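Chemist: For reference, this is entry10.txt, and it has compact mmCIF, N, CA and C atoms.
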# COMPACT_ATOMS: atom_id res chain seq x y z
N MET A 685 115.29 89.16 117.58
CA MET A 685 114.78 89.47 116.26
C MET A 685 113.27 89.61 116.28
N SER A 686 112.62 88.84 117.12
CA SER A 686 111.15 88.85 117.13
C SER A 686 110.59 90.22 117.46
N GLY A 687 111.36 91.06 118.15
CA GLY A 687 110.90 92.39 118.50
C GLY A 687 110.79 93.34 117.32
N ILE A 688 111.50 93.05 116.23
CA ILE A 688 111.47 93.96 115.08
C ILE A 688 110.58 93.46 113.94
N LEU A 689 110.05 92.25 114.06
CA LEU A 689 109.20 91.71 113.01
C LEU A 689 107.77 92.19 113.17
N SER A 690 107.09 92.36 112.03
CA SER A 690 105.68 92.75 112.08
C SER A 690 104.96 92.17 110.86
N GLY A 691 103.65 92.29 110.86
CA GLY A 691 102.84 91.85 109.72
C GLY A 691 103.00 90.38 109.42
N THR A 692 103.19 90.07 108.14
CA THR A 692 103.30 88.69 107.69
C THR A 692 104.54 88.01 108.27
N ALA A 693 105.64 88.78 108.41
CA ALA A 693 106.87 88.20 108.99
C ALA A 693 106.62 87.76 110.43
N TRP A 694 105.86 88.54 111.18
CA TRP A 694 105.50 88.16 112.54
C TRP A 694 104.66 86.89 112.52
N GLY A 695 103.75 86.79 111.55
CA GLY A 695 102.92 85.60 111.40
C GLY A 695 103.76 84.35 111.16
N VAL A 696 104.80 84.48 110.34
CA VAL A 696 105.70 83.35 110.08
C VAL A 696 106.38 82.94 111.38
N LEU A 697 106.83 83.91 112.14
CA LEU A 697 107.51 83.64 113.41
C LEU A 697 106.59 82.91 114.39
N THR A 698 105.35 83.33 114.49
CA THR A 698 104.43 82.72 115.46
C THR A 698 104.06 81.29 115.10
N GLU A 699 104.26 80.91 113.85
CA GLU A 699 103.97 79.53 113.43
C GLU A 699 105.06 78.56 113.84
N LEU A 700 106.22 79.07 114.24
CA LEU A 700 107.35 78.22 114.62
C LEU A 700 107.25 77.82 116.09
N ASN A 701 107.85 76.66 116.42
CA ASN A 701 107.86 76.29 117.83
C ASN A 701 108.85 77.21 118.56
N PRO A 702 108.66 77.40 119.85
CA PRO A 702 109.46 78.37 120.61
C PRO A 702 110.97 78.15 120.52
N ARG A 703 111.42 76.91 120.45
CA ARG A 703 112.86 76.65 120.36
C ARG A 703 113.43 77.14 119.04
N LYS A 704 112.68 76.91 117.93
CA LYS A 704 113.15 77.34 116.61
C LYS A 704 113.18 78.87 116.51
N ARG A 705 112.31 79.54 117.26
CA ARG A 705 112.28 81.01 117.24
C ARG A 705 113.57 81.62 117.78
N GLN A 706 114.29 80.87 118.60
CA GLN A 706 115.53 81.36 119.21
C GLN A 706 116.75 81.15 118.30
N ASP A 707 116.62 80.36 117.25
CA ASP A 707 117.73 80.05 116.34
C ASP A 707 117.77 81.09 115.21
N PHE A 708 118.71 82.04 115.34
CA PHE A 708 118.79 83.15 114.38
C PHE A 708 118.99 82.66 112.95
N ASP A 709 119.93 81.73 112.73
CA ASP A 709 120.19 81.23 111.38
C ASP A 709 118.95 80.57 110.78
N PHE A 710 118.23 79.82 111.60
CA PHE A 710 117.00 79.18 111.13
C PHE A 710 115.96 80.23 110.76
N LEU A 711 115.83 81.26 111.61
CA LEU A 711 114.87 82.34 111.32
C LEU A 711 115.19 83.02 109.99
N VAL A 712 116.45 83.32 109.77
CA VAL A 712 116.86 83.96 108.51
C VAL A 712 116.52 83.05 107.33
N GLN A 713 116.80 81.77 107.47
CA GLN A 713 116.51 80.81 106.40
C GLN A 713 115.00 80.76 106.11
N ILE A 714 114.18 80.66 107.13
CA ILE A 714 112.72 80.60 106.97
C ILE A 714 112.19 81.88 106.33
N LEU A 715 112.68 83.03 106.79
CA LEU A 715 112.21 84.30 106.22
C LEU A 715 112.67 84.47 104.78
N ASN A 716 113.87 83.98 104.45
CA ASN A 716 114.32 84.02 103.05
C ASN A 716 113.46 83.14 102.16
N ILE A 717 113.09 81.98 102.67
CA ILE A 717 112.21 81.08 101.90
C ILE A 717 110.88 81.77 101.65
N ARG A 718 110.35 82.41 102.68
CA ARG A 718 109.02 83.04 102.56
C ARG A 718 109.05 84.34 101.74
N PHE A 719 110.10 85.14 101.92
CA PHE A 719 110.12 86.47 101.31
C PHE A 719 111.26 86.69 100.32
N GLY A 720 112.07 85.65 100.07
CA GLY A 720 113.21 85.80 99.17
C GLY A 720 112.79 86.10 97.75
N SER A 721 113.66 86.77 97.01
CA SER A 721 113.31 87.22 95.65
C SER A 721 113.10 86.06 94.69
N ALA A 722 113.80 84.95 94.87
CA ALA A 722 113.62 83.81 93.96
C ALA A 722 112.20 83.25 94.07
N GLU A 723 111.72 83.11 95.30
CA GLU A 723 110.37 82.58 95.48
C GLU A 723 109.32 83.57 94.98
N LEU A 724 109.53 84.85 95.26
CA LEU A 724 108.60 85.87 94.78
C LEU A 724 108.60 85.92 93.26
N SER A 725 109.77 85.80 92.67
CA SER A 725 109.88 85.80 91.21
C SER A 725 109.06 84.67 90.61
N GLU A 726 109.14 83.49 91.20
CA GLU A 726 108.35 82.36 90.71
C GLU A 726 106.85 82.60 90.88
N MET A 727 106.48 83.24 91.98
CA MET A 727 105.07 83.56 92.20
C MET A 727 104.56 84.53 91.13
N TYR A 728 105.37 85.55 90.81
CA TYR A 728 104.96 86.51 89.78
C TYR A 728 104.90 85.85 88.41
N LYS A 729 105.81 84.93 88.14
CA LYS A 729 105.77 84.20 86.86
C LYS A 729 104.48 83.39 86.75
N ALA A 730 104.11 82.74 87.84
CA ALA A 730 102.86 81.97 87.84
C ALA A 730 101.66 82.89 87.62
N ASN A 731 101.68 84.05 88.25
CA ASN A 731 100.60 85.02 88.04
C ASN A 731 100.53 85.46 86.58
N LEU A 732 101.69 85.70 85.98
CA LEU A 732 101.71 86.10 84.57
C LEU A 732 101.17 85.01 83.66
N GLN A 733 101.54 83.78 83.94
CA GLN A 733 101.12 82.67 83.08
C GLN A 733 99.62 82.42 83.14
N THR A 734 98.98 82.84 84.22
CA THR A 734 97.54 82.62 84.35
C THR A 734 96.74 83.92 84.26
N ARG A 735 97.41 85.01 83.97
CA ARG A 735 96.76 86.33 83.93
C ARG A 735 95.82 86.42 82.73
N VAL A 736 94.59 86.83 82.98
CA VAL A 736 93.59 87.04 81.93
C VAL A 736 92.89 88.36 82.23
N LYS A 737 92.57 89.08 81.20
CA LYS A 737 91.88 90.36 81.34
C LYS A 737 90.57 90.16 82.09
N GLY A 738 90.36 90.97 83.11
CA GLY A 738 89.13 90.91 83.88
C GLY A 738 87.95 91.49 83.11
N LYS A 739 86.75 91.11 83.52
CA LYS A 739 85.53 91.54 82.82
C LYS A 739 85.43 93.05 82.72
N ASP A 740 85.69 93.76 83.80
CA ASP A 740 85.58 95.21 83.82
C ASP A 740 86.93 95.92 83.70
N GLU A 741 87.96 95.18 83.34
CA GLU A 741 89.30 95.74 83.22
C GLU A 741 89.53 96.23 81.80
N SER A 742 90.09 97.40 81.65
CA SER A 742 90.40 97.92 80.31
C SER A 742 91.70 97.29 79.82
N LEU A 743 91.92 97.35 78.52
CA LEU A 743 93.16 96.83 77.96
C LEU A 743 94.36 97.65 78.44
N SER A 744 94.17 98.93 78.67
CA SER A 744 95.25 99.76 79.21
C SER A 744 95.63 99.33 80.62
N GLU A 745 94.63 99.03 81.44
CA GLU A 745 94.90 98.54 82.79
C GLU A 745 95.59 97.19 82.74
N LEU A 746 95.15 96.34 81.83
CA LEU A 746 95.77 95.03 81.67
C LEU A 746 97.23 95.18 81.27
N ALA A 747 97.50 96.03 80.29
CA ALA A 747 98.88 96.24 79.83
C ALA A 747 99.77 96.74 80.98
N GLN A 748 99.26 97.67 81.77
CA GLN A 748 100.03 98.19 82.89
C GLN A 748 100.30 97.10 83.92
N SER A 749 99.31 96.29 84.20
CA SER A 749 99.47 95.19 85.15
C SER A 749 100.51 94.18 84.65
N VAL A 750 100.45 93.86 83.37
CA VAL A 750 101.40 92.90 82.79
C VAL A 750 102.82 93.48 82.81
N ARG A 751 102.95 94.78 82.53
CA ARG A 751 104.28 95.42 82.61
C ARG A 751 104.87 95.23 84.01
N LYS A 752 104.07 95.56 85.01
CA LYS A 752 104.53 95.49 86.40
C LYS A 752 104.87 94.05 86.80
N LEU A 753 103.98 93.12 86.52
CA LEU A 753 104.23 91.72 86.88
C LEU A 753 105.47 91.17 86.18
N THR A 754 105.69 91.57 84.93
CA THR A 754 106.86 91.08 84.19
C THR A 754 108.15 91.60 84.82
N ARG A 755 108.17 92.87 85.20
CA ARG A 755 109.36 93.41 85.87
C ARG A 755 109.63 92.68 87.18
N LEU A 756 108.55 92.36 87.91
CA LEU A 756 108.71 91.66 89.19
C LEU A 756 109.12 90.20 88.99
N ALA A 757 108.60 89.57 87.94
CA ALA A 757 108.91 88.16 87.68
C ALA A 757 110.32 87.96 87.15
N TYR A 758 110.83 88.96 86.44
CA TYR A 758 112.15 88.85 85.82
C TYR A 758 113.00 90.06 86.23
N PRO A 759 113.35 90.17 87.52
CA PRO A 759 114.04 91.37 88.00
C PRO A 759 115.43 91.59 87.41
N SER A 760 116.08 90.54 86.96
CA SER A 760 117.44 90.70 86.44
C SER A 760 117.50 90.67 84.91
N ALA A 761 116.36 90.59 84.25
CA ALA A 761 116.34 90.53 82.78
C ALA A 761 116.68 91.89 82.19
N ASP A 762 117.38 91.88 81.05
CA ASP A 762 117.68 93.15 80.39
C ASP A 762 116.43 93.69 79.69
N SER A 763 116.47 94.96 79.34
CA SER A 763 115.28 95.63 78.82
C SER A 763 114.78 95.03 77.51
N ASP A 764 115.68 94.56 76.65
CA ASP A 764 115.24 93.95 75.38
C ASP A 764 114.40 92.70 75.63
N LEU A 765 114.85 91.87 76.56
CA LEU A 765 114.09 90.67 76.89
C LEU A 765 112.75 91.04 77.54
N LEU A 766 112.77 92.03 78.42
CA LEU A 766 111.53 92.45 79.07
C LEU A 766 110.50 92.93 78.05
N TYR A 767 110.93 93.67 77.02
CA TYR A 767 110.00 94.14 75.98
C TYR A 767 109.30 92.96 75.32
N ILE A 768 110.07 91.94 75.00
CA ILE A 768 109.51 90.75 74.34
C ILE A 768 108.55 90.02 75.28
N LEU A 769 108.97 89.82 76.52
CA LEU A 769 108.13 89.11 77.49
C LEU A 769 106.82 89.86 77.76
N VAL A 770 106.89 91.17 77.90
CA VAL A 770 105.68 91.96 78.18
C VAL A 770 104.68 91.80 77.05
N ILE A 771 105.14 91.90 75.81
CA ILE A 771 104.24 91.75 74.66
C ILE A 771 103.63 90.35 74.65
N ASP A 772 104.46 89.34 74.83
CA ASP A 772 103.96 87.96 74.82
C ASP A 772 102.90 87.72 75.90
N TYR A 773 103.21 88.14 77.13
CA TYR A 773 102.26 87.94 78.23
C TYR A 773 101.00 88.77 78.03
N PHE A 774 101.14 89.99 77.50
CA PHE A 774 99.97 90.82 77.25
C PHE A 774 99.04 90.15 76.25
N ILE A 775 99.60 89.69 75.15
CA ILE A 775 98.78 89.04 74.12
C ILE A 775 98.12 87.79 74.69
N ASP A 776 98.87 87.00 75.43
CA ASP A 776 98.31 85.77 76.02
C ASP A 776 97.17 86.06 77.00
N SER A 777 97.16 87.25 77.60
CA SER A 777 96.15 87.56 78.61
C SER A 777 94.86 88.13 78.02
N ILE A 778 94.83 88.35 76.71
CA ILE A 778 93.62 88.85 76.05
C ILE A 778 92.67 87.67 75.86
N PRO A 779 91.45 87.75 76.38
CA PRO A 779 90.54 86.59 76.32
C PRO A 779 89.98 86.28 74.93
N ASP A 780 89.88 87.27 74.07
CA ASP A 780 89.30 87.07 72.74
C ASP A 780 90.36 86.46 71.81
N SER A 781 90.16 85.21 71.41
CA SER A 781 91.16 84.50 70.60
C SER A 781 91.38 85.15 69.24
N GLU A 782 90.36 85.74 68.66
CA GLU A 782 90.52 86.41 67.37
C GLU A 782 91.42 87.64 67.49
N ILE A 783 91.21 88.41 68.54
CA ILE A 783 92.07 89.58 68.77
C ILE A 783 93.50 89.13 69.04
N ARG A 784 93.65 88.10 69.87
CA ARG A 784 95.00 87.56 70.16
C ARG A 784 95.72 87.18 68.89
N LEU A 785 95.03 86.44 68.02
CA LEU A 785 95.65 85.99 66.77
C LEU A 785 96.04 87.17 65.89
N ARG A 786 95.16 88.14 65.77
CA ARG A 786 95.45 89.29 64.91
C ARG A 786 96.62 90.11 65.44
N ILE A 787 96.72 90.24 66.75
CA ILE A 787 97.86 90.97 67.33
C ILE A 787 99.16 90.21 67.08
N TRP A 788 99.13 88.88 67.26
CA TRP A 788 100.32 88.05 66.99
C TRP A 788 100.75 88.21 65.54
N GLU A 789 99.80 88.16 64.62
CA GLU A 789 100.11 88.24 63.19
C GLU A 789 100.77 89.57 62.81
N LEU A 790 100.47 90.62 63.55
CA LEU A 790 101.05 91.93 63.24
C LEU A 790 102.54 92.00 63.58
N GLY A 791 103.00 91.13 64.47
CA GLY A 791 104.42 91.11 64.83
C GLY A 791 104.91 92.42 65.42
N LEU A 792 104.14 92.98 66.31
CA LEU A 792 104.45 94.29 66.88
C LEU A 792 105.69 94.23 67.77
N LYS A 793 106.38 95.34 67.85
CA LYS A 793 107.66 95.38 68.57
C LYS A 793 107.57 95.99 69.97
N THR A 794 106.50 96.73 70.26
CA THR A 794 106.39 97.35 71.59
C THR A 794 105.03 97.05 72.20
N ILE A 795 104.98 97.12 73.52
CA ILE A 795 103.73 96.92 74.23
C ILE A 795 102.74 98.02 73.90
N ASN A 796 103.24 99.24 73.67
CA ASN A 796 102.34 100.35 73.33
C ASN A 796 101.63 100.08 72.00
N GLU A 797 102.37 99.55 71.02
CA GLU A 797 101.74 99.20 69.74
C GLU A 797 100.71 98.09 69.93
N ALA A 798 101.09 97.07 70.68
CA ALA A 798 100.17 95.95 70.92
C ALA A 798 98.92 96.42 71.65
N GLU A 799 99.11 97.28 72.63
CA GLU A 799 97.97 97.80 73.39
C GLU A 799 97.03 98.61 72.49
N SER A 800 97.58 99.52 71.69
CA SER A 800 96.71 100.36 70.85
C SER A 800 95.99 99.55 69.79
N HIS A 801 96.67 98.57 69.20
CA HIS A 801 96.00 97.70 68.21
C HIS A 801 94.92 96.85 68.88
N ALA A 802 95.21 96.35 70.07
CA ALA A 802 94.21 95.54 70.78
C ALA A 802 92.98 96.38 71.12
N ILE A 803 93.19 97.61 71.53
CA ILE A 803 92.06 98.50 71.84
C ILE A 803 91.22 98.73 70.59
N ARG A 804 91.87 98.98 69.47
CA ARG A 804 91.16 99.19 68.21
C ARG A 804 90.37 97.94 67.81
N LEU A 805 91.01 96.78 67.91
CA LEU A 805 90.35 95.53 67.53
C LEU A 805 89.19 95.21 68.48
N GLU A 806 89.37 95.49 69.76
CA GLU A 806 88.30 95.26 70.72
C GLU A 806 87.10 96.16 70.41
N ALA A 807 87.37 97.40 70.03
CA ALA A 807 86.29 98.33 69.68
C ALA A 807 85.55 97.84 68.44
N GLN A 808 86.30 97.35 67.45
CA GLN A 808 85.66 96.81 66.24
C GLN A 808 84.80 95.60 66.58
N THR A 809 85.30 94.72 67.42
CA THR A 809 84.55 93.54 67.82
C THR A 809 83.27 93.95 68.56
N CYS A 810 83.39 94.93 69.42
CA CYS A 810 82.23 95.42 70.17
C CYS A 810 81.18 96.01 69.22
N ARG A 811 81.64 96.75 68.22
CA ARG A 811 80.71 97.32 67.23
C ARG A 811 80.00 96.21 66.46
N LYS A 812 80.74 95.18 66.09
CA LYS A 812 80.13 94.07 65.33
C LYS A 812 79.06 93.37 66.16
N THR A 813 79.37 93.11 67.42
CA THR A 813 78.40 92.38 68.26
C THR A 813 77.15 93.21 68.53
N LYS A 814 77.29 94.53 68.46
CA LYS A 814 76.13 95.40 68.66
C LYS A 814 75.42 95.71 67.35
N GLY A 815 75.96 95.19 66.23
CA GLY A 815 75.33 95.40 64.93
C GLY A 815 75.57 96.79 64.36
N ILE A 816 76.61 97.47 64.83
CA ILE A 816 76.93 98.80 64.32
C ILE A 816 77.88 98.64 63.14
N PRO A 817 77.55 99.18 61.97
CA PRO A 817 78.43 99.02 60.80
C PRO A 817 79.75 99.75 61.01
N SER A 818 80.81 99.15 60.48
CA SER A 818 82.13 99.76 60.57
C SER A 818 82.27 100.84 59.50
N ILE A 819 83.02 101.86 59.82
CA ILE A 819 83.29 102.93 58.86
C ILE A 819 84.76 102.82 58.49
N ASN A 820 85.02 102.73 57.20
CA ASN A 820 86.39 102.66 56.72
C ASN A 820 86.80 104.06 56.29
N LEU A 821 87.50 104.77 57.15
CA LEU A 821 87.90 106.14 56.86
C LEU A 821 88.93 106.21 55.75
N HIS A 822 89.67 105.15 55.53
CA HIS A 822 90.71 105.15 54.49
C HIS A 822 90.12 105.16 53.09
N SER A 823 88.92 104.66 52.93
CA SER A 823 88.32 104.60 51.60
C SER A 823 87.42 105.80 51.30
N MET A 824 87.24 106.67 52.29
CA MET A 824 86.38 107.84 52.08
C MET A 824 87.14 108.93 51.34
N LYS A 825 86.44 109.65 50.49
CA LYS A 825 87.04 110.75 49.76
C LYS A 825 86.63 112.06 50.41
N VAL A 826 87.60 112.93 50.58
CA VAL A 826 87.33 114.24 51.14
C VAL A 826 87.04 115.18 50.00
N VAL A 827 85.94 115.92 50.09
CA VAL A 827 85.53 116.82 49.01
C VAL A 827 85.85 118.24 49.38
What is this structure when it is put down as structure tokens?
Modeler:
Amino acid sequence: MSGILSGTAWGVLTELNPRKRQDFDFLVQILNIRFGSAELSEMYKANLQTRVKGKDESLSELAQSVRKLTRLAYPSADSDLLYILVIDYFIDSIPDSEIRLRIWELGLKTINEAESHAIRLEAQTCRKTKGIPSINLHSMKVV
């Protein structure tokens, strides 16, 4: 088996004592522990639980990352559950607590809605911090 292993799997093999390397069942067990889907799923869940938007990361990039991590963390979940989990993890990963709260209060049903509202709220927050007055287009009259 050692002849077909490469990369990280080869690294796992080289860490074993020579006698254990000859035991096929043991090798399969060790490789399953290291690369098995249950362990990877737990790793992705941990990543999701600690995921926070990076300083130079856009909300669209964050949403895409959360979508991917959620699919990897919950590979057997049905699509309805995944939709809920993606929204929850996305909202939790937004660093601005005011934006997080406002998105939660809206009770949005899709990640696309949550993403677009978060982008809008982030833009408003950015305008406020720069002292740029907000324009309310809904109250303007067209002549």
Chemist: Quick one: residues within 8 Å of A:Tyr767, all atoms listed in the file counted, chain neighbours fewer than 6 positions away excluded, as a PDB file with N, CA and C atoms, in the frame of the given file?
Modeler:
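Writing the result to selection.pdb gives the following:
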ATOM      1  N   ALA A 761     116.360  90.590  84.250  1.00  0.00           N
ATOM      2  CA  ALA A 761     116.340  90.530  82.780  1.00  0.00           C
ATOM      3  C   ALA A 761     116.680  91.890  82.190  1.00  0.00           C
ATOM      4  N   TYR A 773     103.210  88.140  77.130  1.00  0.00           N
ATOM      5  CA  TYR A 773     102.260  87.940  78.230  1.00  0.00           C
ATOM      6  C   TYR A 773     101.000  88.770  78.030  1.00  0.00           C
ATOM      7  N   LYS A 793     106.380  95.340  67.850  1.00  0.00           N
ATOM      8  CA  LYS A 793     107.660  95.380  68.570  1.00  0.00           C
ATOM      9  C   LYS A 793     107.570  95.990  69.970  1.00  0.00           C
ATOM     10  N   THR A 794     106.500  96.730  70.260  1.00  0.00           N
ATOM     11  CA  THR A 794     106.390  97.350  71.590  1.00  0.00           C
ATOM     12  C   THR A 794     105.030  97.050  72.200  1.00  0.00           C
ATOM     13  N   ILE A 795     104.980  97.120  73.520  1.00  0.00           N
ATOM     14  CA  ILE A 795     103.730  96.920  74.230  1.00  0.00           C
ATOM     15  C   ILE A 795     102.740  98.020  73.900  1.00  0.00           C
TER      16      ILE A 795
END
Chemist: Excluding A:Ser744 and residues on its chain fewer than 4 positions from it, collect all residues at most 12 Å away from it, counting only C-alpha atoms, and give them as a list in words.
Modeler: Lys737, Gly738, Asp740, Gln748, Ser749, Val750, Arg751, Phe774, Ile778, Ile795, Asn796, Glu797, Ala798, Glu799, Ser800, His801, Ala802, Ile803, Arg804 and Glu806 of chain A
Chemist: Near A:Leu805, counting only C-alpha atoms, which residues have an atom at most 9 Å away, once you skip same-chain residues fewer than 4 positions from it, shown as a list in words?
Modeler: Ile783, Arg786, Ile787, Ser800, His801, Thr809 and Cys810 of chain A
Chemist: Just list the residues in chain A DSSP gives alpha helix (DSSP H) on the backbone, as a VMD selection string.
Modeler: chain A and resid 691 to 698 702 to 705 708 to 719 721 to 734 743 to 757 763 to 776 781 to 790 795 to 813
Chemist: Would you compute the distance between atom C of A:Leu753 and atom CA of A:Ser725? Give it in Å to one decimal.
Modeler: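 One can read the atom C of A:Leu753 to atom CA of A:Ser725 distance as 8.6 Å.
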Chemist: Find the residues with any atom within 12 Å of (109.2, 89.7, 88.3); use only C-alpha atoms and the coordinates as given in the file, and write the answer as a JSON list (two decimals) with N, CA and C atoms, in the frame of the given file.
Modeler:
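Listing of selection-v8.json after writing:
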[["chain", "number", "residue", "atom", "x", "y", "z"],
["A", 721, "SER", "N", 113.66, 86.77, 97.01],
["A", 721, "SER", "CA", 113.31, 87.22, 95.65],
["A", 721, "SER", "C", 113.10, 86.06, 94.69],
["A", 722, "ALA", "N", 113.80, 84.95, 94.87],
["A", 722, "ALA", "CA", 113.62, 83.81, 93.96],
["A", 722, "ALA", "C", 112.20, 83.25, 94.07],
["A", 723, "GLU", "N", 111.72, 83.11, 95.30],
["A", 723, "GLU", "CA", 110.37, 82.58, 95.48],
["A", 723, "GLU", "C", 109.32, 83.57, 94.98],
["A", 724, "LEU", "N", 109.53, 84.85, 95.26],
["A", 724, "LEU", "CA", 108.60, 85.87, 94.78],
["A", 724, "LEU", "C", 108.60, 85.92, 93.26],
["A", 725, "SER", "N", 109.77, 85.80, 92.67],
["A", 725, "SER", "CA", 109.88, 85.80, 91.21],
["A", 725, "SER", "C", 109.06, 84.67, 90.61],
["A", 726, "GLU", "N", 109.14, 83.49, 91.20],
["A", 726, "GLU", "CA", 108.35, 82.36, 90.71],
["A", 726, "GLU", "C", 106.85, 82.60, 90.88],
["A", 727, "MET", "N", 106.48, 83.24, 91.98],
["A", 727, "MET", "CA", 105.07, 83.56, 92.20],
["A", 727, "MET", "C", 104.56, 84.53, 91.13],
["A", 728, "TYR", "N", 105.37, 85.55, 90.81],
["A", 728, "TYR", "CA", 104.96, 86.51, 89.78],
["A", 728, "TYR", "C", 104.90, 85.85, 88.41],
["A", 729, "LYS", "N", 105.81, 84.93, 88.14],
["A", 729, "LYS", "CA", 105.77, 84.20, 86.86],
["A", 729, "LYS", "C", 104.48, 83.39, 86.75],
["A", 730, "ALA", "N", 104.11, 82.74, 87.84],
["A", 730, "ALA", "CA", 102.86, 81.97, 87.84],
["A", 730, "ALA", "C", 101.66, 82.89, 87.62],
["A", 731, "ASN", "N", 101.68, 84.05, 88.25],
["A", 731, "ASN", "CA", 100.60, 85.02, 88.04],
["A", 731, "ASN", "C", 100.53, 85.46, 86.58],
["A", 732, "LEU", "N", 101.69, 85.70, 85.98],
["A", 732, "LEU", "CA", 101.71, 86.10, 84.57],
["A", 732, "LEU", "C", 101.17, 85.01, 83.66],
["A", 733, "GLN", "N", 101.54, 83.78, 83.94],
["A", 733, "GLN", "CA", 101.12, 82.67, 83.08],
["A", 733, "GLN", "C", 99.62, 82.42, 83.14],
["A", 749, "SER", "N", 99.31, 96.29, 84.20],
["A", 749, "SER", "CA", 99.47, 95.19, 85.15],
["A", 749, "SER", "C", 100.51, 94.18, 84.65],
["A", 750, "VAL", "N", 100.45, 93.86, 83.37],
["A", 750, "VAL", "CA", 101.40, 92.90, 82.79],
["A", 750, "VAL", "C", 102.82, 93.48, 82.81],
["A", 751, "ARG", "N", 102.95, 94.78, 82.53],
["A", 751, "ARG", "CA", 104.28, 95.42, 82.61],
["A", 751, "ARG", "C", 104.87, 95.23, 84.01],
["A", 752, "LYS", "N", 104.07, 95.56, 85.01],
["A", 752, "LYS", "CA", 104.53, 95.49, 86.40],
["A", 752, "LYS", "C", 104.87, 94.05, 86.80],
["A", 753, "LEU", "N", 103.98, 93.12, 86.52],
["A", 753, "LEU", "CA", 104.23, 91.72, 86.88],
["A", 753, "LEU", "C", 105.47, 91.17, 86.18],
["A", 754, "THR", "N", 105.69, 91.57, 84.93],
["A", 754, "THR", "CA", 106.86, 91.08, 84.19],
["A", 754, "THR", "C", 108.15, 91.60, 84.82],
["A", 755, "ARG", "N", 108.17, 92.87, 85.20],
["A", 755, "ARG", "CA", 109.36, 93.41, 85.87],
["A", 755, "ARG", "C", 109.63, 92.68, 87.18],
["A", 756, "LEU", "N", 108.55, 92.36, 87.91],
["A", 756, "LEU", "CA", 108.71, 91.66, 89.19],
["A", 756, "LEU", "C", 109.12, 90.20, 88.99],
["A", 757, "ALA", "N", 108.60, 89.57, 87.94],
["A", 757, "ALA", "CA", 108.91, 88.16, 87.68],
["A", 757, "ALA", "C", 110.32, 87.96, 87.15],
["A", 758, "TYR", "N", 110.83, 88.96, 86.44],
["A", 758, "TYR", "CA", 112.15, 88.85, 85.82],
["A", 758, "TYR", "C", 113.00, 90.06, 86.23],
["A", 759, "PRO", "N", 113.35, 90.17, 87.52],
["A", 759, "PRO", "CA", 114.04, 91.37, 88.00],
["A", 759, "PRO", "C", 115.43, 91.59, 87.41],
["A", 760, "SER", "N", 116.08, 90.54, 86.96],
["A", 760, "SER", "CA", 117.44, 90.70, 86.44],
["A", 760, "SER", "C", 117.50, 90.67, 84.91],
["A", 761, "ALA", "N", 116.36, 90.59, 84.25],
["A", 761, "ALA", "CA", 116.34, 90.53, 82.78],
["A", 761, "ALA", "C", 116.68, 91.89, 82.19],
["A", 766, "LEU", "N", 112.77, 92.03, 78.42],
["A", 766, "LEU", "CA", 111.53, 92.45, 79.07],
["A", 766, "LEU", "C", 110.50, 92.93, 78.05],
["A", 769, "LEU", "N", 108.97, 89.82, 76.52],
["A", 769, "LEU", "CA", 108.13, 89.11, 77.49],
["A", 769, "LEU", "C", 106.82, 89.86, 77.76],
["A", 770, "VAL", "N", 106.89, 91.17, 77.90],
["A", 770, "VAL", "CA", 105.68, 91.96, 78.18],
["A", 770, "VAL", "C", 104.68, 91.80, 77.05]]
Chemist: For the atom pair atom C of A:Leu711 and atom N of A:Val696, what is the interatomic distance in Å to one decimal place?
Modeler: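 Result for atom C of A:Leu711 versus atom N of A:Val696: 10.5 Å, one decimal.
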Chemist: Interatomic distance between atom CA of A:Leu697 and atom C of A:Asn716?
Modeler: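 According to the coordinates, atom CA of A:Leu697 and atom C of A:Asn716 are separated by 12.7 Å.
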